[in-house]
Amino acid sequence: MTTEYLSFTEVAERLGITKGGLGNYKLPTPDALIGKTRGWLPETIDQWNAARPRHGGRPRKK
């Protein structure tokens, strides 16, 4: 069985924001590192996103 991790680009897509916008967020510790490439499990990102504080602003994309 293969474990699939989300790349930085895939995290941005999952959250509905640009890669540039994602750079402004403090992401959780990656679940995997391959060289300098970070990877997150989808559930790690989903849990982090659900727990992060909201500060108003534009409605999030769905």
# chains A, B, ... in the order shown; residues from 1 in each chain; ligands from 1
>>> select_by_dssp(residues="chain A", states="alpha helix (DSSP H)", output="MDAnalysis selection string")
chainID A and resid 8:15 19:22 42:51
>>> select_by_dssp(residues="chain A", states="strand (DSSP E)", output="PyMOL selection string")
chain A and resi 32-34+37-39
>>> closest_residue(among="A:Leu27, A:Ala32, A:Leu22, A:Ala50", to="A:Tyr5", atoms="only C-alpha atoms")
A:Ala32
>>> atom_distance(atom1="atom CA of A:Gly23", atom2="atom CA of A:Val11")
10.9 Å
>>> closest_residue(among="A:Arg14, A:Thr9, A:Pro28, A:Gly21", to="A:Pro42", atoms="only C-alpha atoms")
A:Arg14
>>> atom_distance(atom1="atom CA of A:Ile17", atom2="atom CA of A:Thr2")
27.2 Å
>>> residues_around(residues="A:Thr44", least_positions_apart="4", cutoff="10 Å", atoms="only C-alpha atoms", output="ChimeraX atom specification")
/A:5-6,27-31,40,48-49
>>> atom_distance(atom1="atom CA of A:Thr37", atom2="atom CA of A:Phe8")
8.6 Å
